[in-house]
$ cat protein_25.txt   # compact mmCIF, C-alpha atoms
# COMPACT_ATOMS: atom_id res chain seq x y z
CA MET R 1 54.47 -42.45 21.42
CA ALA R 2 56.93 -39.53 21.49
CA ARG R 3 58.62 -38.92 18.14
CA THR R 4 61.82 -37.65 19.73
CA GLY R 5 64.43 -39.37 21.88
CA ARG R 6 62.75 -38.11 25.06
CA ARG R 7 61.09 -40.38 27.56
CA PRO R 8 57.66 -41.12 26.13
CA GLY R 9 55.87 -39.65 29.16
CA ALA R 10 57.83 -36.39 29.09
CA GLY R 11 57.43 -35.94 25.31
CA GLY R 12 53.74 -36.65 25.59
CA THR R 13 53.28 -34.10 28.35
CA ARG R 14 55.21 -31.43 26.53
CA GLU R 15 53.15 -31.96 23.36
CA LYS R 16 49.94 -32.00 25.38
CA ILE R 17 50.84 -28.62 26.90
CA LEU R 18 51.69 -27.18 23.47
CA ARG R 19 48.40 -28.37 21.98
CA ALA R 20 46.50 -26.83 24.90
CA ALA R 21 48.55 -23.62 24.54
CA ARG R 22 47.68 -23.28 20.84
CA ARG R 23 43.99 -23.57 21.70
CA GLN R 24 44.27 -21.04 24.56
CA PHE R 25 46.22 -18.52 22.48
CA ALA R 26 43.78 -18.89 19.58
CA ARG R 27 40.85 -18.32 21.95
CA GLY R 28 42.17 -15.60 24.26
CA GLY R 29 44.92 -13.97 22.21
CA TYR R 30 48.43 -13.54 23.56
CA GLU R 31 47.33 -11.29 26.40
CA GLY R 32 44.25 -13.32 27.32
CA ALA R 33 46.01 -16.66 27.67
CA THR R 34 47.61 -17.54 31.02
CA ILE R 35 49.99 -20.22 32.28
CA ARG R 36 47.26 -21.27 34.70
CA GLY R 37 44.65 -21.56 31.90
CA ILE R 38 47.02 -23.50 29.65
CA ALA R 39 47.88 -25.87 32.51
CA ALA R 40 44.20 -26.42 33.29
CA ALA R 41 43.41 -27.12 29.62
CA ALA R 42 46.31 -29.60 29.46
CA ARG R 43 45.28 -31.09 32.86
CA VAL R 44 48.76 -30.60 34.33
CA ASP R 45 50.17 -28.55 37.21
CA PRO R 46 51.10 -24.94 36.22
CA LYS R 47 54.58 -25.63 37.66
CA LEU R 48 55.07 -28.25 34.99
CA VAL R 49 54.33 -25.67 32.26
CA LEU R 50 56.95 -23.37 33.78
CA HIS R 51 59.36 -26.28 34.14
CA TYR R 52 59.21 -26.97 30.40
CA PHE R 53 58.88 -23.43 29.01
CA GLU R 54 59.89 -20.96 31.78
CA SER R 55 57.28 -18.31 30.88
CA LYS R 56 54.16 -17.58 28.86
CA GLU R 57 56.48 -16.16 26.22
CA GLY R 58 58.39 -19.45 26.18
CA VAL R 59 55.19 -21.48 25.73
CA PHE R 60 54.12 -19.18 22.92
CA SER R 61 57.47 -19.35 21.09
CA ALA R 62 57.40 -23.14 21.24
CA ALA R 63 53.71 -23.46 20.36
CA MET R 64 54.00 -21.12 17.35
CA ASP R 65 57.41 -22.49 16.31
CA PHE R 66 58.82 -18.95 16.55
CA PRO R 67 62.25 -18.85 14.88
CA PHE R 68 64.09 -17.34 17.86
CA ASP R 69 63.58 -16.75 21.56
CA PRO R 70 63.03 -13.01 22.16
CA ALA R 71 63.66 -13.40 25.91
CA ALA R 72 67.26 -14.41 25.13
CA ALA R 73 67.90 -12.59 21.84
CA ILE R 74 66.71 -9.05 22.61
CA PRO R 75 68.70 -8.56 25.84
CA ALA R 76 71.81 -9.92 24.08
CA LEU R 77 71.35 -7.40 21.24
CA LEU R 78 70.81 -4.56 23.72
CA GLU R 79 73.60 -5.50 26.08
CA PRO R 80 76.44 -3.60 24.30
CA GLY R 81 74.35 -0.41 24.45
CA LEU R 82 72.62 1.72 21.81
CA ASP R 83 75.80 2.28 19.77
CA GLY R 84 75.63 0.07 16.71
CA LEU R 85 72.27 -1.42 17.76
CA GLY R 86 70.79 -0.84 14.26
CA GLU R 87 73.40 -2.89 12.47
CA ARG R 88 73.50 -5.62 15.17
CA LEU R 89 69.74 -6.02 14.99
CA ALA R 90 69.76 -6.04 11.18
CA ARG R 91 72.47 -8.70 11.10
CA PHE R 92 70.68 -10.87 13.69
CA PHE R 93 67.39 -10.62 11.79
CA ILE R 94 68.98 -11.56 8.46
CA GLU R 95 70.94 -14.41 10.01
CA VAL R 96 67.71 -15.89 11.40
CA TRP R 97 66.01 -15.67 8.00
CA ASP R 98 69.06 -17.04 6.18
CA SER R 99 69.28 -20.00 8.62
CA PRO R 100 67.07 -23.12 8.55
CA ALA R 101 64.80 -21.26 11.01
CA GLY R 102 63.97 -18.89 8.13
CA ALA R 103 61.41 -21.42 6.91
CA ARG R 104 59.55 -21.00 10.20
CA ALA R 105 59.69 -17.20 9.86
CA HIS R 106 58.31 -17.54 6.33
CA ALA R 107 55.48 -19.77 7.60
CA ILE R 108 54.58 -17.16 10.23
CA VAL R 109 54.45 -14.38 7.60
CA ARG R 110 52.23 -16.58 5.45
CA SER R 111 49.80 -17.28 8.30
CA MET R 112 49.69 -13.60 9.29
CA VAL R 113 48.87 -12.47 5.77
CA SER R 114 46.20 -15.11 5.21
CA SER R 115 44.50 -14.97 8.62
CA ASP R 116 43.44 -11.88 10.58
CA SER R 117 43.35 -13.84 13.83
CA ALA R 118 46.88 -15.20 13.30
CA ALA R 119 48.00 -11.63 12.54
CA ALA R 120 46.35 -10.34 15.73
CA LEU R 121 47.93 -13.08 17.84
CA MET R 122 51.42 -12.47 16.45
CA ARG R 123 50.95 -8.70 16.69
CA ASP R 124 50.23 -8.91 20.42
CA PHE R 125 53.23 -11.15 20.99
CA VAL R 126 55.62 -9.02 18.92
CA THR R 127 54.32 -5.77 20.43
CA ARG R 128 54.65 -6.98 24.02
CA GLU R 129 57.72 -9.17 23.88
CA ILE R 130 59.86 -7.64 21.13
CA LEU R 131 58.87 -4.02 20.49
CA ALA R 132 58.28 -3.25 24.18
CA ARG R 133 61.68 -4.70 25.13
CA LEU R 134 63.37 -2.61 22.45
CA ALA R 135 61.36 0.50 23.32
CA GLN R 136 62.29 0.19 26.98
CA ALA R 137 65.97 0.46 26.11
CA LEU R 138 65.57 3.63 24.03
CA LYS R 139 66.29 6.91 25.74
CA LEU R 140 64.28 9.27 23.55
CA ASP R 141 60.67 10.31 23.05
CA ARG R 142 58.06 7.99 21.53
CA PRO R 143 59.95 4.72 21.91
CA GLN R 144 57.01 2.68 20.51
CA VAL R 145 57.05 4.74 17.31
CA ARG R 146 60.80 4.19 17.05
CA ALA R 147 60.63 0.44 17.66
CA SER R 148 57.74 -0.10 15.24
CA LEU R 149 59.42 1.96 12.49
CA ALA R 150 62.54 -0.19 12.89
CA ALA R 151 60.34 -3.29 12.74
CA SER R 152 58.75 -2.01 9.52
CA GLN R 153 62.16 -1.74 7.84
CA LEU R 154 63.09 -5.27 8.96
CA VAL R 155 59.78 -6.77 7.84
CA GLY R 156 60.09 -5.01 4.48
CA ILE R 157 63.55 -6.49 3.93
CA ALA R 158 62.17 -9.94 4.78
CA MET R 159 59.37 -9.46 2.25
CA LEU R 160 61.61 -8.28 -0.59
CA ARG R 161 64.59 -10.56 0.09
CA TYR R 162 62.87 -13.83 1.01
CA VAL R 163 59.25 -13.71 -0.13
CA VAL R 164 59.21 -11.65 -3.35
CA LYS R 165 62.96 -12.15 -3.97
CA VAL R 166 63.66 -8.76 -5.55
CA GLU R 167 67.25 -8.22 -6.74
CA PRO R 168 69.76 -7.06 -5.69
CA LEU R 169 68.36 -7.52 -2.16
CA ALA R 170 67.72 -11.25 -2.59
CA SER R 171 71.32 -12.17 -3.47
CA ALA R 172 73.29 -9.62 -1.44
CA SER R 173 75.38 -10.93 1.47
CA PRO R 174 73.95 -10.57 4.99
CA ASP R 175 76.76 -8.13 5.85
CA ARG R 176 75.89 -5.94 2.91
CA VAL R 177 72.17 -5.82 3.70
CA ALA R 178 72.94 -5.12 7.37
CA ALA R 179 75.20 -2.25 6.29
CA TRP R 180 72.45 -0.85 4.05
CA ILE R 181 69.60 -0.90 6.57
CA GLY R 182 71.59 -0.60 9.82
CA PRO R 183 71.76 3.21 9.62
CA THR R 184 68.00 3.36 9.02
CA LEU R 185 67.31 1.35 12.19
CA GLN R 186 69.90 3.35 14.13
CA ARG R 187 68.27 6.60 13.06
CA TYR R 188 64.83 5.39 14.15
CA PHE R 189 66.26 4.29 17.51
CA THR R 190 68.49 7.23 18.36
CA ASP R 191 67.92 10.31 16.17
CA PRO R 192 65.95 12.96 18.09
CA SER R 193 64.40 14.16 14.80
CA ALA R 194 63.20 10.71 13.66
CA THR R 195 59.78 11.02 15.31
CA ARG R 196 59.16 14.67 14.45
CA THR R 197 56.12 15.24 12.23
CA MET K 1 26.22 -9.72 -20.98
CA ALA K 2 28.54 -6.89 -19.92
CA ARG K 3 28.15 -5.95 -16.27
CA THR K 4 29.08 -2.30 -16.88
CA GLY K 5 27.40 0.40 -18.92
CA ARG K 6 29.67 -0.30 -21.90
CA ARG K 7 28.37 -1.61 -25.17
CA PRO K 8 28.01 -5.37 -24.71
CA GLY K 9 30.42 -6.12 -27.56
CA ALA K 10 33.11 -3.82 -26.22
CA GLY K 11 32.80 -5.09 -22.64
CA GLY K 12 32.98 -8.66 -23.88
CA THR K 13 36.10 -7.99 -25.93
CA ARG K 14 37.86 -6.21 -23.09
CA GLU K 15 37.10 -9.06 -20.69
CA LYS K 16 38.19 -11.60 -23.28
CA ILE K 17 41.54 -9.81 -23.64
CA LEU K 18 42.01 -9.65 -19.86
CA ARG K 19 41.26 -13.36 -19.47
CA ALA K 20 43.77 -14.18 -22.22
CA ALA K 21 46.30 -11.81 -20.62
CA ARG K 22 46.03 -13.53 -17.24
CA ARG K 23 46.74 -16.90 -18.89
CA GLN K 24 49.68 -15.49 -20.88
CA PHE K 25 51.23 -13.75 -17.86
CA ALA K 26 50.80 -16.88 -15.73
CA ARG K 27 52.47 -18.97 -18.43
CA GLY K 28 55.28 -16.68 -19.63
CA GLY K 29 55.82 -14.34 -16.71
CA TYR K 30 55.73 -10.58 -17.14
CA GLU K 31 58.71 -10.54 -19.47
CA GLY K 32 57.64 -13.55 -21.52
CA ALA K 33 54.15 -12.32 -22.32
CA THR K 34 53.65 -10.07 -25.37
CA ILE K 35 50.86 -7.91 -26.74
CA ARG K 36 50.95 -10.07 -29.87
CA GLY K 37 50.65 -13.31 -27.86
CA ILE K 38 47.83 -11.93 -25.74
CA ALA K 39 46.01 -10.75 -28.86
CA ALA K 40 46.42 -14.16 -30.53
CA ALA K 41 45.13 -15.96 -27.41
CA ALA K 42 42.12 -13.63 -27.28
CA ARG K 43 41.64 -13.96 -31.10
CA VAL K 44 41.68 -10.19 -31.60
CA ASP K 45 43.94 -7.78 -33.49
CA PRO K 46 46.97 -6.59 -31.44
CA LYS K 47 45.89 -3.01 -32.25
CA LEU K 48 42.70 -3.64 -30.29
CA VAL K 49 44.74 -4.64 -27.21
CA LEU K 50 46.69 -1.38 -27.51
CA HIS K 51 43.47 0.54 -28.08
CA TYR K 52 42.06 -0.69 -24.77
CA PHE K 53 45.20 -0.79 -22.62
CA GLU K 54 47.93 1.28 -24.38
CA SER K 55 50.83 -0.99 -23.39
CA LYS K 56 51.76 -4.39 -21.95
CA GLU K 57 52.07 -2.63 -18.61
CA GLY K 58 48.51 -1.35 -19.01
CA VAL K 59 47.17 -4.83 -19.78
CA PHE K 60 49.01 -6.22 -16.76
CA SER K 61 47.74 -3.52 -14.38
CA ALA K 62 44.16 -4.15 -15.52
CA ALA K 63 44.47 -7.95 -15.54
CA MET K 64 46.01 -8.07 -12.05
CA ASP K 65 43.76 -5.32 -10.69
CA PHE K 66 46.87 -3.35 -9.70
CA PRO K 67 45.87 -0.48 -7.38
CA PHE K 68 47.53 2.27 -9.43
CA ASP K 69 48.98 2.84 -12.88
CA PRO K 70 52.78 3.08 -12.60
CA ALA K 71 53.06 4.57 -16.10
CA ALA K 72 51.15 7.63 -14.86
CA ALA K 73 52.05 7.70 -11.17
CA ILE K 74 55.84 7.33 -11.22
CA PRO K 75 56.55 10.14 -13.72
CA ALA K 76 54.20 12.43 -11.75
CA LEU K 77 56.11 11.68 -8.53
CA LEU K 78 59.45 12.27 -10.23
CA GLU K 79 58.43 15.38 -12.10
CA PRO K 80 59.25 17.93 -9.35
CA GLY K 81 62.78 16.49 -9.09
CA LEU K 82 64.63 14.52 -6.43
CA ASP K 83 64.04 17.11 -3.69
CA GLY K 84 61.32 15.80 -1.42
CA LEU K 85 60.87 12.63 -3.49
CA GLY K 86 61.00 10.42 -0.38
CA GLU K 87 58.10 12.10 1.35
CA ARG K 88 56.05 12.46 -1.88
CA LEU K 89 56.44 8.75 -2.61
CA ALA K 90 55.62 7.80 0.99
CA ARG K 91 52.47 9.93 0.95
CA PHE K 92 51.35 8.55 -2.43
CA PHE K 93 51.90 4.95 -1.28
CA ILE K 94 49.97 5.46 1.96
CA GLU K 95 47.14 7.26 0.18
CA VAL K 96 46.74 4.31 -2.19
CA TRP K 97 46.61 1.85 0.71
CA ASP K 98 44.24 4.07 2.71
CA SER K 99 41.90 4.40 -0.28
CA PRO K 100 39.39 1.78 -1.50
CA ALA K 101 42.18 0.54 -3.82
CA GLY K 102 44.01 -0.59 -0.68
CA ALA K 103 41.91 -3.76 -0.70
CA ARG K 104 43.41 -4.62 -4.09
CA ALA K 105 46.93 -3.96 -2.77
CA HIS K 106 46.15 -6.23 0.18
CA ALA K 107 44.94 -8.97 -2.18
CA ILE K 108 48.17 -8.71 -4.18
CA VAL K 109 50.29 -9.06 -1.02
CA ARG K 110 48.21 -12.09 -0.03
CA SER K 111 48.69 -13.79 -3.40
CA MET K 112 52.43 -13.05 -3.43
CA VAL K 113 52.93 -14.54 0.02
CA SER K 114 50.89 -17.67 -0.69
CA SER K 115 52.12 -18.38 -4.24
CA ASP K 116 55.70 -18.38 -5.51
CA SER K 117 54.55 -17.96 -9.10
CA ALA K 118 52.36 -14.97 -8.21
CA ALA K 119 55.36 -13.51 -6.34
CA ALA K 120 57.62 -14.04 -9.37
CA LEU K 121 55.10 -12.45 -11.72
CA MET K 122 54.63 -9.39 -9.52
CA ARG K 123 58.38 -9.16 -8.87
CA ASP K 124 59.13 -8.90 -12.61
CA PHE K 125 56.46 -6.27 -13.07
CA VAL K 126 57.52 -4.18 -10.07
CA THR K 127 61.22 -4.49 -10.94
CA ARG K 128 60.76 -3.46 -14.56
CA GLU K 129 57.96 -0.94 -14.35
CA ILE K 130 58.37 0.65 -10.92
CA LEU K 131 61.89 0.14 -9.58
CA ALA K 132 63.55 0.65 -12.98
CA ARG K 133 61.62 3.88 -13.54
CA LEU K 134 62.67 5.17 -10.11
CA ALA K 135 66.26 3.98 -10.55
CA GLN K 136 66.53 5.75 -13.90
CA ALA K 137 65.79 9.08 -12.23
CA LEU K 138 68.46 8.68 -9.53
CA LYS K 139 71.77 10.35 -10.13
CA LEU K 140 74.00 8.25 -7.88
CA ASP K 141 75.68 4.85 -7.92
CA ARG K 142 73.74 1.59 -7.61
CA PRO K 143 70.29 2.96 -8.43
CA GLN K 144 68.70 -0.52 -8.26
CA VAL K 145 69.97 -0.99 -4.70
CA ARG K 146 68.58 2.43 -3.81
CA ALA K 147 65.17 1.82 -5.39
CA SER K 148 64.77 -1.64 -3.85
CA LEU K 149 65.79 -0.42 -0.37
CA ALA K 150 63.14 2.30 -0.64
CA ALA K 151 60.64 -0.33 -1.76
CA SER K 152 61.53 -2.47 1.27
CA GLN K 153 60.68 0.39 3.64
CA LEU K 154 57.35 0.99 1.87
CA VAL K 155 56.40 -2.69 1.85
CA GLY K 156 57.33 -2.97 5.54
CA ILE K 157 55.04 -0.06 6.40
CA ALA K 158 52.23 -1.71 4.42
CA MET K 159 52.75 -4.96 6.34
CA LEU K 160 52.80 -3.35 9.79
CA ARG K 161 50.12 -0.70 9.19
CA TYR K 162 47.58 -2.63 7.12
CA VAL K 163 48.24 -6.36 7.45
CA VAL K 164 49.54 -6.89 11.01
CA LYS K 165 48.10 -3.55 12.26
CA VAL K 166 50.84 -2.74 14.77
CA GLU K 167 50.32 0.45 16.79
CA PRO K 168 51.11 3.30 16.63
CA LEU K 169 51.71 2.80 12.89
CA ALA K 170 48.21 1.46 12.20
CA SER K 171 46.35 4.52 13.55
CA ALA K 172 48.78 7.34 12.71
CA SER K 173 47.69 9.86 10.08
CA PRO K 174 49.07 9.48 6.53
CA ASP K 175 50.98 12.77 6.96
CA ARG K 176 52.63 11.53 10.11
CA VAL K 177 53.72 8.21 8.60
CA ALA K 178 54.99 9.99 5.49
CA ALA K 179 57.01 12.34 7.71
CA TRP K 180 58.47 9.37 9.62
CA ILE K 181 59.58 7.30 6.63
CA GLY K 182 60.11 10.07 4.05
CA PRO K 183 63.67 10.81 5.26
CA THR K 184 64.52 7.09 5.07
CA LEU K 185 63.41 6.92 1.43
CA GLN K 186 65.15 10.21 0.66
CA ARG K 187 68.39 8.92 2.16
CA TYR K 188 68.21 5.73 0.09
CA PHE K 189 67.57 7.77 -3.06
CA THR K 190 70.06 10.59 -2.63
CA ASP K 191 72.66 9.99 0.10
CA PRO K 192 76.01 9.03 -1.43
CA SER K 193 76.81 6.90 1.64
CA ALA K 194 73.55 4.92 1.58
CA THR K 195 74.93 2.12 -0.63
CA ARG K 196 78.36 1.89 1.00
CA THR K 197 79.14 -1.47 2.58
$ encode --input "protein_25.txt" --output "structure tokens"
Amino acid sequence: MARTGRRPGAGGTREKILRAARRQFARGGYEGATIRGIAAAARVDPKLVLHYFESKEGVFSAAMDFPFDPAAAIPALLEPGLDGLGERLARFFIEVWDSPAGARAHAIVRSMVSSDSAAALMRDFVTREILARLAQALKLDRPQVRASLAASQLVGIAMLRYVVKVEPLASASPDRVAAWIGPTLQRYFTDPSATRT
Amino acid sequence: MARTGRRPGAGGTREKILRAARRQFARGGYEGATIRGIAAAARVDPKLVLHYFESKEGVFSAAMDFPFDPAAAIPALLEPGLDGLGERLARFFIEVWDSPAGARAHAIVRSMVSSDSAAALMRDFVTREILARLAQALKLDRPQVRASLAASQLVGIAMLRYVVKVEPLASASPDRVAAWIGPTLQRYFTDPSATRT
């Protein structure tokens, strides 16, 4: 009964795991859910969950239809070092939203705004898997403040460019928007004075 | 039948105008609606609309339950000049969201994310009455880019602090958040290089 070209059994198992994962994440939050618990709920071996999705993060990304895989994307953005990280991250973020995957990002924003529990679930995931990865790479004080300030600038651009569609942000090229907000992200990441209060 | 302490007739007229205004704004957008059209729909004299609300902007703010009055707030923020504008604006924005009026701001974000027409209506209002007022005060090139970039940082802080509740942004004091994002707003407003691409 699989809708894809996969073998019916494999497609069915994968979908069964994802359905179980959605229930487990909804019940226990991102931190509370475990590979073992998801496997038990789906009545499969935990190794099969890891075979399909590699990690809890991978199950979550697939179950929530997350528009990119942080486990692959964040290390790739960090790999060239902190120089230019702000603009690289801005460009990556805008390219995701401008791509067909942008519809999935939009759906996630909608669910977070309309549901406190969806917001809490996504917050835990983003805090642990995206902000923590970024923060770990920063060499200055208060890396969580820095990473979350950068996230606030990115989320604000998404809101104005894609949701509210305010000009000139809505129609500007990705390069232009990345050039505008890149220095803001870079300052949050690397300027010693950015976390002074 | 007025719910407030006003004279029943007055309360009834005011509510009648606001109901007509909501219909006119929904139909014609912020730009398309007029005091005259709202008055006709409410079957009152246009002078009465101006008596209660002073301007189209005033009717809109009241009809949409906007959390502050831009016609009063923006000139007050601009009055001391461009020096320190970023931090003043950041503090004002956070104080509104931290106050009881924050619930109304939250409701507006929710309606904008879930409805394209609500987003379009609010976009026209914010572009004309808030961003244009700010842009007019800026002395550099591309004032609309500058004002909308500043707005993106503010909206992103609202999303992370109040909607998604990401730490440490959610629990930080208003002063601290204003000190973190004030320089970003100030740079967008006054740095010649901020709009270079």
$ interface_residues --input "protein_25.txt" --of "chain K" --to "chain R" --cutoff "6 Å" --atoms "all atoms listed in the file" --output "list in words"
Arg110, Val113, Ala119, Ser152, Gln153, Val155, Gly156, Ile157, Val164, Arg176, Ala179 and Thr197 of chain K
$ atom_distance --input "protein_25.txt" --atom1 "atom CA of K:Tyr52" --atom2 "atom CA of K:Arg23"
17.9 Å
$ residues_around --input "protein_25.txt" --residues "R:Phe53" --least-positions-apart "3" --cutoff "12 Å" --atoms "only C-alpha atoms" --output "VMD selection string"
chain R and resid 14 to 15 17 to 18 21 35 38 to 39 46 to 50 56 to 63 69 71
$ write_last_selection --input "protein_25.txt" --atoms "C-alpha atoms" --output "short mmCIF file (atom, residue, chain, number, x, y, z; two decimals), in the coordinates of the input"
data_model
loop_
_atom_site.label_atom_id
_atom_site.label_comp_id
_atom_site.auth_asym_id
_atom_site.auth_seq_id
_atom_site.Cartn_x
_atom_site.Cartn_y
_atom_site.Cartn_z
CA ARG R 14 55.21 -31.43 26.53
CA GLU R 15 53.15 -31.96 23.36
CA ILE R 17 50.84 -28.62 26.90
CA LEU R 18 51.69 -27.18 23.47
CA ALA R 21 48.55 -23.62 24.54
CA ILE R 35 49.99 -20.22 32.28
CA ILE R 38 47.02 -23.50 29.65
CA ALA R 39 47.88 -25.87 32.51
CA PRO R 46 51.10 -24.94 36.22
CA LYS R 47 54.58 -25.63 37.66
CA LEU R 48 55.07 -28.25 34.99
CA VAL R 49 54.33 -25.67 32.26
CA LEU R 50 56.95 -23.37 33.78
CA LYS R 56 54.16 -17.58 28.86
CA GLU R 57 56.48 -16.16 26.22
CA GLY R 58 58.39 -19.45 26.18
CA VAL R 59 55.19 -21.48 25.73
CA PHE R 60 54.12 -19.18 22.92
CA SER R 61 57.47 -19.35 21.09
CA ALA R 62 57.40 -23.14 21.24
CA ALA R 63 53.71 -23.46 20.36
CA ASP R 69 63.58 -16.75 21.56
CA ALA R 71 63.66 -13.40 25.91
#
$ closest_residue --input "protein_25.txt" --among "R:Met64, R:Val96, R:Ile130, R:Ala41" --to "R:Gln24" --atoms "all atoms listed in the file"
R:Ala41
$ atom_distance --input "protein_25.txt" --atom1 "atom CA of R:Asp45" --atom2 "atom CA of R:Gly12"
14.6 Å
$ atom_distance --input "protein_25.txt" --atom1 "atom CA of R:Tyr162" --atom2 "atom CA of K:Leu77"
28.1 Å
$ closest_residue --input "protein_25.txt" --among "K:Arg128, K:Leu134, K:Pro174, K:Ala20" --to "K:Ser99" --atoms "only C-alpha atoms"
K:Pro174
$ closest_residue --input "protein_25.txt" --among "R:Pro192, R:Gly32, R:Pro80, R:Pro67" --to "R:Ile108" --atoms "all atoms listed in the file"
R:Pro67
$ axis_aligned_box --input "protein_25.txt" --around "stretch 62-75 of chain K" --padding-each-side "4 Å" --output "AutoDock Vina command-line options"
--center_x 50.2 --center_y 1.0 --center_z -11.7 --size_x 20.8 --size_y 26.2 --size_z 16.7
$ closest_residue --input "protein_25.txt" --among "R:Arg91, R:Ala105, R:Asp191, R:Gly182" --to "R:Lys139" --atoms "all atoms listed in the file"
R:Asp191
$ decode --input "protein_25.txt" --residues "stretch 145-156 of chain R" --atoms "N, CA and C atoms" --output "short mmCIF file (atom, residue, chain, number, x, y, z; two decimals), in the first residue's frame"
data_model
loop_
_atom_site.label_atom_id
_atom_site.label_comp_id
_atom_site.auth_asym_id
_atom_site.auth_seq_id
_atom_site.Cartn_x
_atom_site.Cartn_y
_atom_site.Cartn_z
N VAL R 145 23.41 33.07 23.68
CA VAL R 145 22.84 34.38 23.37
C VAL R 145 23.14 34.71 21.91
N ARG R 146 24.38 34.50 21.51
CA ARG R 146 24.80 34.84 20.14
C ARG R 146 24.00 34.04 19.11
N ALA R 147 23.89 32.73 19.33
CA ALA R 147 23.18 31.90 18.35
C ALA R 147 21.70 32.26 18.29
N SER R 148 21.09 32.57 19.45
CA SER R 148 19.65 32.85 19.42
C SER R 148 19.38 34.25 18.85
N LEU R 149 20.30 35.20 19.05
CA LEU R 149 20.13 36.51 18.40
C LEU R 149 20.21 36.36 16.88
N ALA R 150 21.18 35.55 16.41
CA ALA R 150 21.27 35.32 14.97
C ALA R 150 19.99 34.66 14.45
N ALA R 151 19.48 33.69 15.22
CA ALA R 151 18.24 33.03 14.81
C ALA R 151 17.09 34.03 14.74
N SER R 152 17.07 35.01 15.67
CA SER R 152 15.97 35.98 15.67
C SER R 152 16.00 36.82 14.39
N GLN R 153 17.21 37.18 13.92
CA GLN R 153 17.29 37.96 12.68
C GLN R 153 16.82 37.12 11.49
N LEU R 154 17.19 35.85 11.47
CA LEU R 154 16.77 34.98 10.36
C LEU R 154 15.26 34.77 10.36
N VAL R 155 14.70 34.50 11.54
CA VAL R 155 13.26 34.27 11.63
C VAL R 155 12.50 35.54 11.24
N GLY R 156 13.01 36.70 11.64
CA GLY R 156 12.36 37.95 11.28
C GLY R 156 12.35 38.18 9.77
#
